[in-house]
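A.B. asks: Before anything else, here's the structure in question.
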Number of protein chains: 2
Amino acid sequence: MRAKGIRAALVRARLRPVGVIRSVLKALRKAPKQGSEGAPDAWLEVHPSAAKGLQGLAVGDEIIVVTWFHRARRDVLRVHPRSDKQNPLTGVFATRSPDRPNPLGLHPVTVRAIDGNRLRIGPIEAIDGTPVVDIKPVISRSDR
Amino acid sequence: MRAKGIRAALVRARLRPVGVIRSVLKALRKAPKQGSEGAPDAWLEVHPSAAKGLQGLAVGDEIIVVTWFHRARRDVLRVHPRSDKQNPLTGVFATRSPDRPNPLGLHPVTVRAIDGNRLRIGPIEAIDGTPVVDIKPVISRSDR
C-alpha cells in the first residue's frame with residue numbers, strides 16, 4: 001500500500017509535456033534573458049494527444065506559455081541576478097533565473113498564427129526543443 | 001542504461017513542492033474561481049529546505065505564486081467554462097480551468113507581510129493544503 005501511494009504521488013506530480021518549442025534559437029548562450037529583449041517568434045507544436053485543448057484560441061490572443069527549462073539546475077536557491085557577479089546574491093524566488101527548484105518558465109506571448117496543432121507565438125526567448133507544459137489565457141474573460 | 005535514462009527523465013520532470021498554502025478556504029466548492037473574486041489573503045509556508053530562495057523579496061512586492069492543483073483532473077482537454085453548461089465546450093488552454101493535463105495554477109498576488117519563511121499573500125483562491133511549486137517576481141527588474 002505504501003509503495004503504491006508513493007508511486008501514485010510521483011505520477012501525480014510528474015509533468016507531461018503537451019508540446020515543444022521550435023525556434024531558430026538553438027543555443028542557451030545565444031538566447032536573450034527575456035522575451036522582451038530582442039527574442040524571435042517561434043512555433044509551439046502541440047502534441048496531437050493534447051490538440052483538442054487548443055479549441056477556442058484565436059490569432060491575436062495574449063497567452064502565457066509555461067515551459068520546463070530542461071537544461072536548468074534544480075539545486076540552486078540563490079544567484080547573482082543576470083549572471084553578473086556585481087549583483088549581490090539573491091534568492092531565486094525574487095528573480096527570473098531559470099535555475100530554481102522547479103524550473104518553470106512563464107512566457108507572455110501573442111498568438112501570431114494558428115496552423116492545425118501549431119501556434120506561431122512570440123516574442124519568446126526559449127530555445128529550440130524546450131518542453132511546453134501548459135498554455136493559459138492572460139486575462140480570464142467572464143465567459144471562460 | 002535505458003532504464004536509468006527513463007528514471008532520470010522522470011525525476012527531472014517531477015515537481016518538488018517548495019511550500020504550501022495555509023488558508024481559511026478549506027473546501028473547493030467554497031473557493032472563488034479567481035483571486036479577484038473575493039478571495040482572502042493566505043499564508044504561503046515555504047519549506048525550510050527552500051527558504052534561502054526568498055532572500056530579496058519584500059513587503060509590497062507583486063509576485064506570481066505557481067501552485068499545483070493536486071485535486072484536479074488531468075485527463076480533461078475541453079470544459080464548459082466556469083462549469084456552466086450554457087457555455088460552449090472550450091479547449092482548456094483557452095481557459096483557466098484547474099482541470100488540464102498539467103494542473104498548474106498562476107496566482108498574481110501581493111506580499112502583505114513576511115515572517116521568517118512564511119509570506120502573507122493575497123488575494124488568492126487556492127485552498128488550504130495546495131502545494132506551491134514556484135514563486136516569481138511579476139516584473140523582471142533590470143537588477144534581477
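All residue names refer to the C-alpha cells as shown: chains lettered A, B, ... in order, residues numbered from 1 in each chain, ligands numbered from 1 in order.
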Chain A residues within 7 Å of chain B, counting only C-alpha atoms: which ones, as a PDB file with C-alpha atoms, in the first residue's frame?
C.D. replies:
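So result_29.pdb came out as:
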ATOM      1  CA  ALA A  13       3.241  15.484  -9.680  1.00  0.00           C
ATOM      2  CA  ARG A  14       5.114  14.466 -12.815  1.00  0.00           C
ATOM      3  CA  LEU A  15       4.805  16.912 -15.690  1.00  0.00           C
ATOM      4  CA  ARG A  16       3.790  15.542 -19.053  1.00  0.00           C
ATOM      5  CA  ALA A  50      -3.381  17.458 -26.449  1.00  0.00           C
ATOM      6  CA  LYS A  52      -8.190  19.422 -28.528  1.00  0.00           C
ATOM      7  CA  GLY A  53      -7.113  21.709 -25.700  1.00  0.00           C
ATOM      8  CA  LEU A  54      -6.440  24.488 -28.234  1.00  0.00           C
ATOM      9  CA  GLN A  55     -10.078  24.868 -29.232  1.00  0.00           C
ATOM     10  CA  GLY A  56     -11.139  28.490 -28.756  1.00  0.00           C
ATOM     11  CA  LEU A  57      -7.698  30.082 -29.056  1.00  0.00           C
ATOM     12  CA  LEU A  77      18.499  28.688  -4.302  1.00  0.00           C
ATOM     13  CA  ARG A  78      20.499  31.918  -4.722  1.00  0.00           C
ATOM     14  CA  PRO A  81      20.978  38.181 -10.989  1.00  0.00           C
ATOM     15  CA  ARG A  82      21.572  38.187 -14.723  1.00  0.00           C
ATOM     16  CA  THR A  90      19.570  36.977  -4.393  1.00  0.00           C
ATOM     17  CA  GLY A  91      17.026  34.242  -3.686  1.00  0.00           C
ATOM     18  CA  VAL A  92      15.790  32.620  -6.883  1.00  0.00           C
ATOM     19  CA  PHE A  93      12.160  33.365  -5.922  1.00  0.00           C
ATOM     20  CA  ALA A  94      12.964  37.085  -6.250  1.00  0.00           C
ATOM     21  CA  THR A  95      14.444  36.546  -9.737  1.00  0.00           C
ATOM     22  CA  ARG A  96      13.608  35.008 -13.086  1.00  0.00           C
ATOM     23  CA  ASN A 102      11.147  23.689 -10.212  1.00  0.00           C
ATOM     24  CA  VAL A 133       3.711  22.031 -20.122  1.00  0.00           C
ATOM     25  CA  ASP A 134       0.769  24.465 -20.161  1.00  0.00           C
ATOM     26  CA  ILE A 135      -0.894  27.309 -22.059  1.00  0.00           C
ATOM     27  CA  LYS A 136      -3.183  29.839 -20.375  1.00  0.00           C
ATOM     28  CA  PRO A 137      -5.092  32.957 -21.445  1.00  0.00           C
ATOM     29  CA  SER A 140      -9.653  35.443 -17.602  1.00  0.00           C
ATOM     30  CA  ASP A 143     -17.144  33.768 -20.434  1.00  0.00           C
ATOM     31  CA  ARG A 144     -14.186  31.493 -19.768  1.00  0.00           C
TER      32      ARG A 144
END
A.B. asks: Would you list the contacts of segment 110-114 of chain B as a list in words, taking every protein, DNA or RNA residue within 8 Å and counting only C-alpha atoms, but skipping same-chain residues closer than 2 positions in sequence?
C.D. replies: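 Listing them by chain and then by number gives Ala58, Val59, Gly60, Asp61, Glu62, Ile63, Pro108, Gly116, Asn117, Arg118, Leu119, Arg120, Ile121, Gly122 and Pro123 of chain B.
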A.B. asks: Please identify which residues in segment 5-144 of chain B DSSP calls alpha helix (DSSP H) from the backbone, and express them as a list of chain:residue names.
C.D. replies: B:Gly5, B:Ile6, B:Arg7, B:Ala8, B:Ala9, B:Leu10, B:Val11, B:Arg12
A.B. asks: Those residues you just picked out, can you put them in a file as an mmCIF file, in the first residue's frame with all heavy atoms?
C.D. replies:
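The resulting result30.cif:
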data_model
loop_
_atom_site.group_PDB
_atom_site.id
_atom_site.type_symbol
_atom_site.label_atom_id
_atom_site.label_comp_id
_atom_site.auth_asym_id
_atom_site.auth_seq_id
_atom_site.Cartn_x
_atom_site.Cartn_y
_atom_site.Cartn_z
ATOM 1 N N GLY B 5 18.063 5.965 -17.912
ATOM 2 C CA GLY B 5 17.694 7.185 -18.622
ATOM 3 C C GLY B 5 16.240 7.553 -18.393
ATOM 4 O O GLY B 5 15.917 8.710 -18.158
ATOM 5 N N ILE B 6 15.375 6.563 -18.426
ATOM 6 C CA ILE B 6 13.947 6.823 -18.217
ATOM 7 C C ILE B 6 13.710 7.325 -16.793
ATOM 8 O O ILE B 6 12.979 8.272 -16.563
ATOM 9 C CB ILE B 6 13.128 5.542 -18.489
ATOM 10 C CG1 ILE B 6 13.180 5.219 -19.990
ATOM 11 C CG2 ILE B 6 11.697 5.701 -18.017
ATOM 12 C CD1 ILE B 6 12.646 3.851 -20.354
ATOM 13 N N ARG B 7 14.385 6.666 -15.846
ATOM 14 C CA ARG B 7 14.204 7.075 -14.451
ATOM 15 C C ARG B 7 14.711 8.506 -14.251
ATOM 16 O O ARG B 7 14.084 9.319 -13.582
ATOM 17 C CB ARG B 7 14.946 6.107 -13.526
ATOM 18 C CG ARG B 7 14.570 6.267 -12.068
ATOM 19 C CD ARG B 7 14.869 5.004 -11.255
ATOM 20 N NE ARG B 7 16.248 4.595 -11.374
ATOM 21 C CZ ARG B 7 16.639 3.418 -11.874
ATOM 22 N NH1 ARG B 7 15.761 2.545 -12.287
ATOM 23 N NH2 ARG B 7 17.926 3.118 -11.942
ATOM 24 N N ALA B 8 15.837 8.814 -14.870
ATOM 25 C CA ALA B 8 16.404 10.159 -14.741
ATOM 26 C C ALA B 8 15.439 11.203 -15.313
ATOM 27 O O ALA B 8 15.217 12.250 -14.721
ATOM 28 C CB ALA B 8 17.750 10.233 -15.449
ATOM 29 N N ALA B 9 14.843 10.898 -16.464
ATOM 30 C CA ALA B 9 13.910 11.833 -17.091
ATOM 31 C C ALA B 9 12.688 12.034 -16.199
ATOM 32 O O ALA B 9 12.184 13.143 -16.050
ATOM 33 C CB ALA B 9 13.480 11.312 -18.461
ATOM 34 N N LEU B 10 12.232 10.947 -15.578
ATOM 35 C CA LEU B 10 11.073 11.010 -14.694
ATOM 36 C C LEU B 10 11.363 11.922 -13.512
ATOM 37 O O LEU B 10 10.553 12.759 -13.125
ATOM 38 C CB LEU B 10 10.748 9.599 -14.197
ATOM 39 C CG LEU B 10 9.451 9.455 -13.423
ATOM 40 C CD1 LEU B 10 8.347 9.008 -14.359
ATOM 41 C CD2 LEU B 10 9.589 8.448 -12.303
ATOM 42 N N VAL B 11 12.552 11.753 -12.942
ATOM 43 C CA VAL B 11 12.932 12.555 -11.780
ATOM 44 C C VAL B 11 13.078 14.023 -12.194
ATOM 45 O O VAL B 11 12.661 14.925 -11.484
ATOM 46 C CB VAL B 11 14.237 12.018 -11.159
ATOM 47 C CG1 VAL B 11 14.795 13.003 -10.133
ATOM 48 C CG2 VAL B 11 13.969 10.673 -10.489
ATOM 49 N N ARG B 12 13.632 14.243 -13.377
ATOM 50 C CA ARG B 12 13.855 15.622 -13.822
ATOM 51 C C ARG B 12 12.554 16.386 -13.977
ATOM 52 O O ARG B 12 12.500 17.565 -13.682
ATOM 53 C CB ARG B 12 14.583 15.622 -15.175
ATOM 54 C CG ARG B 12 16.085 15.609 -15.063
ATOM 55 C CD ARG B 12 16.718 16.098 -16.350
ATOM 56 N NE ARG B 12 16.376 15.261 -17.494
ATOM 57 C CZ ARG B 12 17.023 14.148 -17.828
ATOM 58 N NH1 ARG B 12 18.029 13.723 -17.101
ATOM 59 N NH2 ARG B 12 16.662 13.457 -18.884
#
A.B. asks: Please report, as a PyMOL selection string, each residue of chain A to which DSSP assigns strand (DSSP E or B) when run on this structure's backbone.
C.D. replies: chain A and resi 14+19-22+42-46+62-68+78-79+90-91+104-115+118-122+131-137
A.B. asks: Just to confirm, what's the straight-line distance from atom CA of His107 of chain B to atom CA of Pro48 of chain B in Å (one decimal)?
C.D. replies: 22.0 Å
A.B. asks: What does the distance from atom CA of Gly38 of chain A to atom CA of Ala126 of chain A come to in Å, to one decimal?
C.D. replies: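 Going from atom CA of Gly38 of chain A over to atom CA of Ala126 of chain A, I get 12.1 Å.
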A.B. asks: Enter the distance from atom CA of Val109 of chain B to atom CA of Lys33 of chain A, in Å, rounded to one decimal.
C.D. replies: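 We find that atom CA of Val109 of chain B and atom CA of Lys33 of chain A lie 23.7 Å from each other.
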